[in-house]
>>> print(open('target10.cif').read())   # mmCIF, C-alpha atoms
data_run
loop_
_atom_site.label_atom_id
_atom_site.label_comp_id
_atom_site.auth_asym_id
_atom_site.auth_seq_id
_atom_site.Cartn_x
_atom_site.Cartn_y
_atom_site.Cartn_z
CA MET A 1 -11.39 17.30 3.39
CA HIS A 2 -10.44 14.73 6.00
CA GLU A 3 -10.75 16.86 9.13
CA LEU A 4 -13.87 14.99 10.29
CA SER A 5 -11.87 11.78 10.64
CA LEU A 6 -9.02 13.72 12.28
CA ALA A 7 -11.58 15.16 14.73
CA GLN A 8 -12.66 11.61 15.48
CA ASN A 9 -9.01 10.64 16.14
CA LEU A 10 -8.65 13.67 18.37
CA LEU A 11 -11.79 12.78 20.28
CA ASP A 12 -10.66 9.17 20.76
CA ILE A 13 -7.36 10.42 22.21
CA VAL A 14 -8.89 12.92 24.63
CA CYS A 15 -11.71 10.63 25.79
CA ARG A 16 -9.22 7.85 26.52
CA ALA A 17 -7.00 10.29 28.41
CA ALA A 18 -10.01 11.50 30.42
CA GLU A 19 -10.89 7.95 31.37
CA GLU A 20 -7.32 7.06 32.33
CA ASN A 21 -7.05 10.17 34.48
CA GLY A 22 -10.48 9.98 36.09
CA LEU A 23 -11.91 13.11 34.44
CA GLN A 24 -15.68 13.22 34.28
CA ARG A 25 -15.79 16.04 31.82
CA ILE A 26 -13.31 17.74 29.55
CA THR A 27 -13.47 21.53 29.42
CA VAL A 28 -10.50 22.38 27.18
CA VAL A 29 -8.69 20.53 24.42
CA SER A 30 -5.50 22.22 23.29
CA VAL A 31 -4.16 21.28 19.86
CA VAL A 32 -0.87 22.36 18.30
CA GLY A 33 -0.42 22.39 14.54
CA GLY A 34 2.57 23.28 12.39
CA GLU A 35 2.30 25.86 9.64
CA LEU A 36 2.90 23.08 7.09
CA GLY A 37 0.91 20.45 8.98
CA GLY A 38 -1.84 20.66 6.38
CA ILE A 39 -4.60 21.22 8.93
CA VAL A 40 -7.66 23.31 8.11
CA LEU A 41 -8.62 24.79 11.47
CA ASP A 42 -12.23 25.69 10.58
CA ALA A 43 -12.88 22.18 9.30
CA LEU A 44 -11.26 20.62 12.38
CA GLN A 45 -13.29 22.91 14.65
CA PHE A 46 -16.47 21.92 12.84
CA GLY A 47 -15.58 18.22 12.98
CA PHE A 48 -14.89 18.50 16.69
CA GLU A 49 -18.25 20.21 17.35
CA VAL A 50 -20.05 17.39 15.54
CA THR A 51 -18.18 14.42 17.01
CA LYS A 52 -17.93 15.56 20.64
CA LYS A 53 -21.71 15.36 21.21
CA GLY A 54 -22.65 12.73 23.77
CA THR A 55 -19.07 12.27 25.00
CA VAL A 56 -17.20 13.54 28.08
CA ALA A 57 -15.86 16.28 25.79
CA GLU A 58 -19.31 17.59 24.91
CA GLY A 59 -18.71 20.91 26.67
CA ALA A 60 -15.06 21.21 25.69
CA LYS A 61 -13.56 24.19 23.94
CA LEU A 62 -10.98 23.49 21.24
CA LEU A 63 -7.93 25.71 21.49
CA TYR A 64 -5.50 25.79 18.57
CA ARG A 65 -1.95 27.06 18.50
CA GLU A 66 -0.06 27.26 15.24
CA LEU A 67 3.71 26.81 15.19
CA PRO A 68 5.56 28.62 12.42
CA ALA A 69 7.79 26.56 10.11
CA LEU A 70 11.38 27.20 11.22
CA ILE A 71 14.71 26.43 9.59
CA ARG A 72 18.01 25.98 11.40
CA CYS A 73 20.97 27.07 9.29
CA ASN A 74 23.43 24.18 9.03
CA PHE A 75 26.30 26.63 8.68
CA CYS A 76 25.78 29.23 11.45
CA ASN A 77 22.93 27.56 13.44
CA HIS A 78 20.71 30.64 13.13
CA GLU A 79 16.99 29.82 13.38
CA PHE A 80 14.65 31.65 11.03
CA SER A 81 11.17 31.66 9.50
CA TRP A 82 10.69 29.44 6.45
CA LYS A 83 7.81 31.59 5.27
CA ALA A 84 9.90 34.76 5.31
CA TYR A 85 13.25 33.43 4.09
CA GLY A 86 12.72 29.98 2.62
CA TYR A 87 15.90 27.97 3.16
CA THR A 88 18.28 30.92 2.76
CA CYS A 89 19.73 32.03 6.07
CA PRO A 90 19.14 35.78 6.58
CA ARG A 91 22.28 36.01 8.76
CA CYS A 92 24.95 34.25 6.68
CA SER A 93 23.16 33.75 3.32
CA HIS A 94 23.93 30.03 3.40
CA ARG A 95 21.22 27.98 1.70
CA GLY A 96 20.07 24.58 2.83
CA GLY A 97 19.34 24.23 6.53
CA GLU A 98 16.99 21.79 8.23
CA MET A 99 13.33 22.39 8.92
CA PHE A 100 12.95 21.54 12.61
CA GLN A 101 9.44 22.85 13.21
CA GLY A 102 6.30 23.27 11.15
CA ASN A 103 4.93 19.78 10.49
CA GLU A 104 3.45 19.10 13.95
CA PHE A 105 -0.09 18.03 14.72
CA TYR A 106 -0.72 16.89 18.28
CA VAL A 107 -2.88 17.31 21.39
CA GLU A 108 -0.84 19.33 23.83
CA TYR A 109 -3.06 19.01 26.90
CA ILE A 110 -6.63 18.67 28.09
CA GLU A 111 -8.31 20.31 31.03
CA GLY A 112 -11.27 18.95 32.91
CA ASP A 113 -12.91 18.08 36.19
CA GLY A 114 -12.48 14.90 38.15
CA LYS A 115 -15.06 13.25 40.39
CA GLU A 116 -14.05 15.06 43.55
CA GLU A 117 -13.98 18.48 41.92
CA GLY A 118 -17.57 18.79 40.73
CA THR A 119 -18.50 21.50 38.29
CA ASN A 120 -18.28 24.61 40.48
CA ASP A 121 -14.74 25.82 40.06
CA THR A 122 -13.73 28.53 42.48
CA ASN A 123 -11.24 30.17 40.12
CA MET B 1 -9.75 21.85 37.31
CA THR B 2 -7.06 19.41 36.26
CA GLN B 3 -4.70 19.85 33.36
CA ILE B 4 -3.29 16.74 31.76
CA LYS B 5 -0.30 17.01 29.45
CA LEU B 6 -0.64 14.65 26.51
CA GLU B 7 1.52 15.61 23.51
CA THR B 8 -0.11 12.79 21.57
CA GLY B 9 0.06 12.95 17.79
CA ILE B 10 -3.41 13.17 16.27
CA LEU B 11 -2.18 11.10 13.33
CA LYS B 12 -0.82 8.49 15.75
CA ALA B 13 -3.35 5.87 14.65
CA ASN B 14 -2.02 6.22 11.09
CA ASP B 15 1.62 6.52 12.13
CA ASP B 16 1.44 3.33 14.22
CA VAL B 17 0.27 1.32 11.23
CA ALA B 18 2.86 3.06 9.05
CA SER B 19 5.58 1.90 11.49
CA GLN B 20 4.36 -1.69 11.20
CA LEU B 21 4.43 -1.35 7.42
CA LYS B 22 7.93 0.12 7.54
CA GLN B 23 9.16 -2.85 9.53
CA LEU B 24 7.50 -5.27 7.12
CA PHE B 25 9.06 -3.56 4.09
CA GLN B 26 12.47 -3.57 5.75
CA GLU B 27 12.22 -7.28 6.57
CA LYS B 28 11.34 -8.01 2.96
CA GLY B 29 13.93 -5.60 1.56
CA ILE B 30 11.30 -3.62 -0.35
CA LYS B 31 11.59 0.04 -1.27
CA VAL B 32 8.42 2.12 -1.46
CA ILE B 33 7.49 5.22 -3.42
CA ASN B 34 4.42 7.35 -2.61
CA LEU B 35 3.38 9.06 -5.85
CA ILE B 36 1.32 12.20 -5.29
CA SER B 37 -0.26 14.75 -7.66
CA SER B 38 -3.44 16.54 -8.63
CA PRO B 39 -5.90 14.50 -10.71
CA GLY B 40 -4.73 14.39 -14.32
CA ALA B 41 -1.08 15.36 -13.77
CA GLY B 42 -0.03 12.06 -15.32
CA LYS B 43 0.86 9.68 -12.47
CA THR B 44 -0.50 6.59 -14.20
CA THR B 45 1.00 7.56 -17.58
CA LEU B 46 4.35 8.10 -15.85
CA LEU B 47 4.12 4.58 -14.43
CA GLU B 48 3.07 3.10 -17.77
CA HIS B 49 6.20 4.53 -19.36
CA SER B 50 8.62 4.02 -16.43
CA ILE B 51 7.81 0.50 -15.27
CA PRO B 52 8.68 -1.30 -18.56
CA LYS B 53 12.18 0.20 -18.23
CA LEU B 54 12.50 -1.02 -14.63
CA ILE B 55 11.20 -4.58 -14.75
CA ASN B 56 14.35 -6.08 -16.23
CA LYS B 57 16.20 -4.88 -13.12
CA PHE B 58 13.66 -4.93 -10.31
CA ARG B 59 10.48 -6.75 -9.41
CA VAL B 60 7.89 -3.99 -9.23
CA GLY B 61 4.39 -3.99 -7.73
CA VAL B 62 1.87 -1.15 -7.77
CA ILE B 63 -0.86 -0.09 -5.36
CA GLU B 64 -3.38 2.15 -7.08
CA GLY B 65 -5.50 4.56 -5.06
CA ASP B 66 -8.61 6.13 -6.54
CA VAL B 67 -11.91 7.35 -5.22
CA LEU B 68 -13.75 5.00 -7.59
CA THR B 69 -13.16 2.51 -10.43
CA THR B 70 -10.38 0.05 -11.17
CA ARG B 71 -9.41 1.82 -14.42
CA ASP B 72 -5.87 2.68 -13.33
CA ALA B 73 -5.22 -0.82 -12.02
CA ASP B 74 -6.46 -2.18 -15.36
CA ARG B 75 -3.95 0.04 -17.17
CA ILE B 76 -1.07 -1.08 -14.92
CA ALA B 77 -2.10 -4.77 -15.12
CA LYS B 78 -1.35 -4.62 -18.86
CA LEU B 79 2.32 -4.29 -17.91
CA ASN B 80 2.10 -7.81 -16.45
CA ILE B 81 3.12 -6.80 -12.95
CA PRO B 82 1.23 -7.31 -9.67
CA VAL B 83 -1.23 -4.49 -8.99
CA VAL B 84 -3.81 -3.90 -6.26
CA GLN B 85 -6.52 -1.28 -6.57
CA ILE B 86 -7.77 0.57 -3.50
CA GLU B 87 -11.09 2.33 -3.99
CA THR B 88 -11.37 4.85 -1.19
CA LYS B 89 -15.10 5.43 -1.88
CA GLY B 90 -14.77 9.14 -1.30
CA ALA B 91 -11.75 9.53 0.95
CA CYS B 92 -9.33 12.17 -0.34
CA HIS B 93 -6.12 10.28 0.43
CA LEU B 94 -4.71 6.85 1.14
CA ASP B 95 -3.92 6.02 4.76
CA ALA B 96 -1.60 3.41 6.21
CA ASN B 97 -4.49 1.09 7.05
CA MET B 98 -5.63 0.94 3.43
CA VAL B 99 -2.07 0.22 2.33
CA MET B 100 -1.74 -2.52 4.97
CA LYS B 101 -4.82 -4.24 3.53
CA ALA B 102 -3.54 -3.86 -0.04
CA VAL B 103 -0.09 -5.17 0.86
CA LYS B 104 -1.64 -8.43 2.07
CA GLN B 105 -2.71 -9.09 -1.51
CA LEU B 106 0.87 -8.82 -2.80
CA ASP B 107 3.55 -11.51 -2.73
CA LEU B 108 6.13 -9.48 -0.82
CA ASP B 109 8.84 -12.15 -1.10
CA ASN B 110 8.90 -11.55 -4.82
CA LEU B 111 9.01 -7.76 -4.92
CA ASP B 112 11.82 -5.19 -4.75
CA LEU B 113 9.83 -2.01 -5.26
CA ILE B 114 6.25 -0.99 -4.49
CA ILE B 115 4.93 2.18 -6.07
CA ILE B 116 1.85 3.54 -4.34
CA GLU B 117 -0.12 5.83 -6.62
CA ASN B 118 -2.06 8.02 -4.22
CA VAL B 119 -5.52 9.50 -4.81
CA GLY B 120 -5.30 12.50 -7.18
CA ASN B 121 -5.05 15.39 -4.71
CA LEU B 122 -2.18 17.78 -4.07
CA VAL B 123 -3.16 18.50 -0.46
CA CYS B 124 -4.30 15.67 1.80
CA PRO B 125 -2.00 12.79 0.73
CA ALA B 126 1.00 14.87 1.86
CA VAL B 127 0.00 14.46 5.51
CA PHE B 128 -0.51 10.69 5.77
CA GLU B 129 2.66 8.62 6.04
CA LEU B 130 2.49 5.34 4.13
CA ALA B 131 5.90 3.96 5.19
CA GLU B 132 7.41 5.21 1.94
CA ASP B 133 11.11 5.77 1.34
CA ALA B 134 10.26 8.84 -0.71
CA LYS B 135 7.31 10.95 -1.70
CA VAL B 136 7.43 11.79 -5.39
CA VAL B 137 5.21 14.67 -6.46
CA VAL B 138 4.12 14.95 -10.08
CA LEU B 139 3.22 18.39 -11.42
CA SER B 140 2.16 18.98 -15.01
CA VAL B 141 3.00 22.25 -16.74
CA ALA B 142 -0.69 22.67 -17.61
CA GLU B 143 -1.39 23.23 -13.90
CA GLY B 144 0.74 26.36 -13.71
CA SER B 145 4.10 27.25 -12.20
CA ASP B 146 2.56 28.75 -9.06
CA LYS B 147 1.54 25.40 -7.57
CA PRO B 148 4.54 24.81 -5.27
CA ALA B 149 4.00 28.23 -3.69
CA LYS B 150 0.26 27.62 -3.32
CA TYR B 151 0.45 24.02 -2.09
CA PRO B 152 3.80 23.95 -0.29
CA THR B 153 3.30 21.05 2.15
CA VAL B 154 3.72 18.28 -0.42
CA PHE B 155 6.67 20.08 -2.03
CA THR B 156 8.43 20.46 1.32
CA ARG B 157 7.99 16.76 2.14
CA ALA B 158 8.78 15.25 -1.27
CA LYS B 159 12.26 14.17 -2.35
CA VAL B 160 11.51 14.30 -6.06
CA CYS B 161 9.30 16.37 -8.33
CA ILE B 162 8.45 15.11 -11.80
CA LEU B 163 7.58 18.09 -13.97
CA ASN B 164 5.39 16.36 -16.53
CA LYS B 165 3.83 17.28 -19.90
CA MET B 166 6.90 19.27 -20.90
CA ASP B 167 5.73 18.82 -24.51
CA LEU B 168 2.89 21.22 -23.65
CA LEU B 169 5.23 23.93 -22.34
CA PRO B 170 4.98 26.10 -25.52
CA TYR B 171 1.19 26.05 -25.26
CA SER B 172 0.98 26.93 -21.56
CA ASN B 173 1.87 29.99 -19.50
CA PHE B 174 4.08 27.90 -17.22
CA SER B 175 7.23 29.82 -16.27
CA LEU B 176 10.22 27.57 -15.57
CA ASP B 177 12.04 30.56 -14.05
CA ASP B 178 9.25 31.27 -11.56
CA PHE B 179 8.89 27.57 -10.79
CA TYR B 180 12.58 27.06 -9.97
CA GLU B 181 12.75 30.37 -8.11
CA ASP B 182 9.85 29.29 -5.85
CA LEU B 183 11.36 25.84 -5.30
CA LYS B 184 14.69 27.33 -4.25
CA ARG B 185 12.84 29.01 -1.42
CA ILE B 186 10.36 26.24 -0.56
CA ASN B 187 12.64 23.20 -0.74
CA PRO B 188 16.03 23.57 -2.41
CA ARG B 189 16.78 19.84 -1.94
CA LEU B 190 13.87 18.76 -4.11
CA LYS B 191 15.18 17.00 -7.21
CA VAL B 192 13.25 18.00 -10.32
CA PHE B 193 13.06 15.90 -13.48
CA GLU B 194 11.48 17.46 -16.55
CA VAL B 195 9.68 14.79 -18.54
CA SER B 196 6.92 14.14 -20.99
CA ALA B 197 5.67 10.73 -19.92
CA ILE B 198 3.30 10.35 -22.86
CA LYS B 199 6.06 11.23 -25.38
CA ASP B 200 8.53 9.07 -23.44
CA THR B 201 11.07 11.89 -23.15
CA GLY B 202 13.26 12.89 -20.21
CA LEU B 203 12.59 9.72 -18.23
CA GLU B 204 16.25 8.59 -18.04
CA SER B 205 17.32 10.86 -15.16
CA TRP B 206 14.23 9.99 -13.13
CA LEU B 207 14.83 6.28 -13.66
CA GLU B 208 18.48 6.74 -12.73
CA TRP B 209 17.44 8.38 -9.47
CA LEU B 210 15.01 5.54 -8.79
CA GLU B 211 17.69 2.93 -9.46
CA GLY B 212 20.04 4.80 -7.13
CA MET B 213 17.42 4.64 -4.40
CA MET B 214 16.97 0.90 -5.00
CA VAL B 215 20.68 0.16 -4.81
CA ASN B 216 20.97 1.97 -1.49
CA GLY B 217 19.46 -0.84 0.52
CA GLY B 218 17.45 -2.73 -2.09
CA LYS B 219 17.66 -6.53 -2.40
CA LYS B 220 19.85 -6.54 -5.46
CA ASN B 221 22.79 -4.52 -4.20
#
>>> encode(input="target10.cif", output="structure tokens")
Amino acid sequence: MHELSLAQNLLDIVCRAAEENGLQRITVVSVVGGELGGIVLDALQFGFEVTKKGTVAEGAKLLYRELPALIRCNFCNHEFSWKAYGYTCPRCSHRGGEMFQGNEFYVEYIEGDGKEEGTNDTN
Amino acid sequence: MTQIKLETGILKANDDVASQLKQLFQEKGIKVINLISSPGAGKTTLLEHSIPKLINKFRVGVIEGDVLTTRDADRIAKLNIPVVQIETKGACHLDANMVMKAVKQLDLDNLDLIIIENVGNLVCPAVFELAEDAKVVVLSVAEGSDKPAKYPTVFTRAKVCILNKMDLLPYSNFSLDDFYEDLKRINPRLKVFEVSAIKDTGLESWLEWLEGMMVNGGKKN
């Protein structure tokens, strides 16, 4: 529902980063989202396509990497999938660890071309 | 080609304002609850029946979030406590900016507890931090016992779940066994209170929890 405004946030972040780093155009925007981050990828993708027009990110591709929700057992320190096991450790059967991954939502990196590089990459 | 590492949170704009709010609430010694549920689960009714039992102990204010109308704020205002209505005009959740604006209309020096009733929506409000001490999710038995499994994010982030409309349990296909079995897996720390807000039953344990939260760092400790 709110991915259009998230896309706008995302665009603000990457455009500012491009400016600060002297990029003339952004080619890749890499986003990481946790399994429980509540992000609808299709809606974010759509929002990004709409909002990037007329900006330095106009030609940018949005890459998305999902991180699984993970629990660390607070008895034996084993790390395991929340989706598969919930909070019950599959190694020692202890219940009640800490979720240490799965709620993320951030821009990992951007790629682009600076002034001196032009648009004809050799690689 | 240049790669620039960022690792910038996309919700940073919201989180920054939430941090300012957090600091403000701490300075004023105010505890904050973010009340989340689907439309019609009974958030406002829960408040109508809980707040009268709290106001002899704590000074309570309410921020009401709705897409349109001031109907909920009108209901809460009858309890003679400060209430601010936020009309989001379409937005599916409250964000920290909206709460910051609403907070400016409250006399923070004369409040111990602010309850923020979020927009009726079991999905989006889970993601936007409002500087709350606890998210409280309300689920009504009429919605079905499969909701935690289907909408896990809010249930993983909440500290308390109010299972409301327990008076309707015999007329619904809600399975308490399935519900608790799912919660054990999704978030075993979630405290569940079974209530019927409209019948005024089962509220004592929930109010006890709330008072416990207030005493741990509230003004009147």
>>> closest_residue(input="target10.cif", among="A:Asp12, A:Asp42, A:Glu19, A:Glu66", to="A:Glu104", atoms="all atoms listed in the file")
A:Glu66
>>> atom_distance(input="target10.cif", atom1="atom CA of A:Glu35", atom2="atom CA of A:Gly102")
5.0 Å
>>> closest_residue(input="target10.cif", among="A:Arg91, A:Glu3, A:Leu10, A:Gln45", to="chain B", atoms="only C-alpha atoms")
A:Leu10
>>> resolve_selection(input="target10.cif", expression="the PyMOL selection byres ((chain B and resi 78-80) around 12)", output="short mmCIF file (atom, residue, chain, number, x, y, z; two decimals) with C-alpha atoms, in the coordinates of the input")
data_model
loop_
_atom_site.label_atom_id
_atom_site.label_comp_id
_atom_site.auth_asym_id
_atom_site.auth_seq_id
_atom_site.Cartn_x
_atom_site.Cartn_y
_atom_site.Cartn_z
CA THR B 44 -0.50 6.59 -14.20
CA THR B 45 1.00 7.56 -17.58
CA LEU B 47 4.12 4.58 -14.43
CA GLU B 48 3.07 3.10 -17.77
CA HIS B 49 6.20 4.53 -19.36
CA SER B 50 8.62 4.02 -16.43
CA ILE B 51 7.81 0.50 -15.27
CA PRO B 52 8.68 -1.30 -18.56
CA LYS B 53 12.18 0.20 -18.23
CA LEU B 54 12.50 -1.02 -14.63
CA ILE B 55 11.20 -4.58 -14.75
CA ARG B 59 10.48 -6.75 -9.41
CA VAL B 60 7.89 -3.99 -9.23
CA GLY B 61 4.39 -3.99 -7.73
CA VAL B 62 1.87 -1.15 -7.77
CA ARG B 71 -9.41 1.82 -14.42
CA ASP B 72 -5.87 2.68 -13.33
CA ALA B 73 -5.22 -0.82 -12.02
CA ASP B 74 -6.46 -2.18 -15.36
CA ARG B 75 -3.95 0.04 -17.17
CA ILE B 76 -1.07 -1.08 -14.92
CA ALA B 77 -2.10 -4.77 -15.12
CA ILE B 81 3.12 -6.80 -12.95
CA PRO B 82 1.23 -7.31 -9.67
CA VAL B 83 -1.23 -4.49 -8.99
#
>>> atom_distance(input="target10.cif", atom1="atom CA of B:Glu143", atom2="atom CA of B:Thr156")
18.3 Å
>>> interface_residues(input="target10.cif", of="chain A", to="chain B", cutoff="6 Å", atoms="all atoms listed in the file", output="count of residues only")
13
>>> atom_distance(input="target10.cif", atom1="atom CA of B:Glu208", atom2="atom CA of B:Ala131")
22.1 Å
>>> resolve_selection(input="target10.cif", expression="the PyMOL selection byres ((chain A and resi 4-7) around 6)", output="list in words")
His2, Glu3, Gln8, Asn9, Leu10, Leu44, Gly47 and Phe48 of chain A
>>> decode(input="target10.cif", residues="stretch 50-129 of chain B", atoms="C-alpha atoms", output="PDB file, in the first residue's frame")
ATOM      1  CA  SER B  50      -9.882   0.432  29.526  1.00  0.00           C
ATOM      2  CA  ILE B  51      -9.259   4.153  29.943  1.00  0.00           C
ATOM      3  CA  PRO B  52     -11.914   4.791  32.646  1.00  0.00           C
ATOM      4  CA  LYS B  53     -10.115   2.173  34.771  1.00  0.00           C
ATOM      5  CA  LEU B  54      -6.744   3.870  34.223  1.00  0.00           C
ATOM      6  CA  ILE B  55      -7.482   7.551  34.716  1.00  0.00           C
ATOM      7  CA  ASN B  56      -7.540   7.416  38.504  1.00  0.00           C
ATOM      8  CA  LYS B  57      -3.911   6.247  38.357  1.00  0.00           C
ATOM      9  CA  PHE B  58      -2.422   7.823  35.254  1.00  0.00           C
ATOM     10  CA  ARG B  59      -2.992  10.852  33.072  1.00  0.00           C
ATOM     11  CA  VAL B  60      -3.849   9.378  29.693  1.00  0.00           C
ATOM     12  CA  GLY B  61      -3.955  11.008  26.253  1.00  0.00           C
ATOM     13  CA  VAL B  62      -4.985   9.401  22.975  1.00  0.00           C
ATOM     14  CA  ILE B  63      -3.919   9.964  19.374  1.00  0.00           C
ATOM     15  CA  GLU B  64      -6.487   8.552  16.977  1.00  0.00           C
ATOM     16  CA  GLY B  65      -5.486   7.587  13.450  1.00  0.00           C
ATOM     17  CA  ASP B  66      -8.096   7.056  10.765  1.00  0.00           C
ATOM     18  CA  VAL B  67      -8.257   7.470   7.029  1.00  0.00           C
ATOM     19  CA  LEU B  68     -11.239   9.821   7.396  1.00  0.00           C
ATOM     20  CA  THR B  69     -13.629  11.279  10.006  1.00  0.00           C
ATOM     21  CA  THR B  70     -13.183  12.288  13.625  1.00  0.00           C
ATOM     22  CA  ARG B  71     -15.683   9.675  14.867  1.00  0.00           C
ATOM     23  CA  ASP B  72     -13.192   7.770  17.008  1.00  0.00           C
ATOM     24  CA  ALA B  73     -11.810  10.948  18.560  1.00  0.00           C
ATOM     25  CA  ASP B  74     -15.390  11.984  19.363  1.00  0.00           C
ATOM     26  CA  ARG B  75     -15.929   8.658  21.148  1.00  0.00           C
ATOM     27  CA  ILE B  76     -12.709   9.031  23.170  1.00  0.00           C
ATOM     28  CA  ALA B  77     -13.401  12.708  23.976  1.00  0.00           C
ATOM     29  CA  LYS B  78     -16.479  11.547  25.914  1.00  0.00           C
ATOM     30  CA  LEU B  79     -14.068  10.037  28.444  1.00  0.00           C
ATOM     31  CA  ASN B  80     -12.919  13.591  29.237  1.00  0.00           C
ATOM     32  CA  ILE B  81      -9.297  12.995  28.346  1.00  0.00           C
ATOM     33  CA  PRO B  82      -7.120  14.829  25.788  1.00  0.00           C
ATOM     34  CA  VAL B  83      -7.477  13.344  22.303  1.00  0.00           C
ATOM     35  CA  VAL B  84      -6.071  14.346  18.912  1.00  0.00           C
ATOM     36  CA  GLN B  85      -7.423  12.942  15.666  1.00  0.00           C
ATOM     37  CA  ILE B  86      -5.126  12.358  12.708  1.00  0.00           C
ATOM     38  CA  GLU B  87      -6.921  11.937   9.405  1.00  0.00           C
ATOM     39  CA  THR B  88      -4.433  10.325   7.049  1.00  0.00           C
ATOM     40  CA  LYS B  89      -6.612  11.081   3.981  1.00  0.00           C
ATOM     41  CA  GLY B  90      -5.865   7.722   2.453  1.00  0.00           C
ATOM     42  CA  ALA B  91      -2.548   6.671   3.946  1.00  0.00           C
ATOM     43  CA  CYS B  92      -2.636   3.104   5.280  1.00  0.00           C
ATOM     44  CA  HIS B  93      -0.638   3.746   8.451  1.00  0.00           C
ATOM     45  CA  LEU B  94       0.524   6.456  10.820  1.00  0.00           C
ATOM     46  CA  ASP B  95       4.116   7.618  10.488  1.00  0.00           C
ATOM     47  CA  ALA B  96       6.346   9.383  12.986  1.00  0.00           C
ATOM     48  CA  ASN B  97       5.838  12.751  11.283  1.00  0.00           C
ATOM     49  CA  MET B  98       2.071  12.592  11.751  1.00  0.00           C
ATOM     50  CA  VAL B  99       2.553  11.671  15.405  1.00  0.00           C
ATOM     51  CA  MET B 100       5.029  14.549  15.870  1.00  0.00           C
ATOM     52  CA  LYS B 101       2.381  16.985  14.603  1.00  0.00           C
ATOM     53  CA  ALA B 102      -0.306  15.447  16.816  1.00  0.00           C
ATOM     54  CA  VAL B 103       1.923  15.498  19.886  1.00  0.00           C
ATOM     55  CA  LYS B 104       2.299  19.271  19.561  1.00  0.00           C
ATOM     56  CA  GLN B 105      -1.420  19.562  20.284  1.00  0.00           C
ATOM     57  CA  LEU B 106      -1.072  17.693  23.595  1.00  0.00           C
ATOM     58  CA  ASP B 107       0.049  19.117  26.930  1.00  0.00           C
ATOM     59  CA  LEU B 108       2.918  16.684  27.482  1.00  0.00           C
ATOM     60  CA  ASP B 109       3.740  18.009  30.960  1.00  0.00           C
ATOM     61  CA  ASN B 110       0.400  16.707  32.130  1.00  0.00           C
ATOM     62  CA  LEU B 111       0.444  13.216  30.635  1.00  0.00           C
ATOM     63  CA  ASP B 112       1.837   9.865  31.789  1.00  0.00           C
ATOM     64  CA  LEU B 113       0.613   7.650  28.973  1.00  0.00           C
ATOM     65  CA  ILE B 114      -0.163   8.239  25.300  1.00  0.00           C
ATOM     66  CA  ILE B 115      -2.080   5.570  23.436  1.00  0.00           C
ATOM     67  CA  ILE B 116      -1.776   5.852  19.674  1.00  0.00           C
ATOM     68  CA  GLU B 117      -4.615   4.084  17.913  1.00  0.00           C
ATOM     69  CA  ASN B 118      -3.201   3.318  14.493  1.00  0.00           C
ATOM     70  CA  VAL B 119      -5.153   3.174  11.223  1.00  0.00           C
ATOM     71  CA  GLY B 120      -7.137  -0.087  10.993  1.00  0.00           C
ATOM     72  CA  ASN B 121      -4.725  -2.298   9.052  1.00  0.00           C
ATOM     73  CA  LEU B 122      -2.885  -5.424  10.150  1.00  0.00           C
ATOM     74  CA  VAL B 123      -0.006  -4.983   7.700  1.00  0.00           C
ATOM     75  CA  CYS B 124       1.496  -1.537   7.137  1.00  0.00           C
ATOM     76  CA  PRO B 125       1.425  -0.028  10.657  1.00  0.00           C
ATOM     77  CA  ALA B 126       3.760  -2.820  11.819  1.00  0.00           C
ATOM     78  CA  VAL B 127       6.641  -1.347   9.824  1.00  0.00           C
ATOM     79  CA  PHE B 128       6.574   2.306  10.925  1.00  0.00           C
ATOM     80  CA  GLU B 129       8.102   3.025  14.327  1.00  0.00           C
TER      81      GLU B 129
END
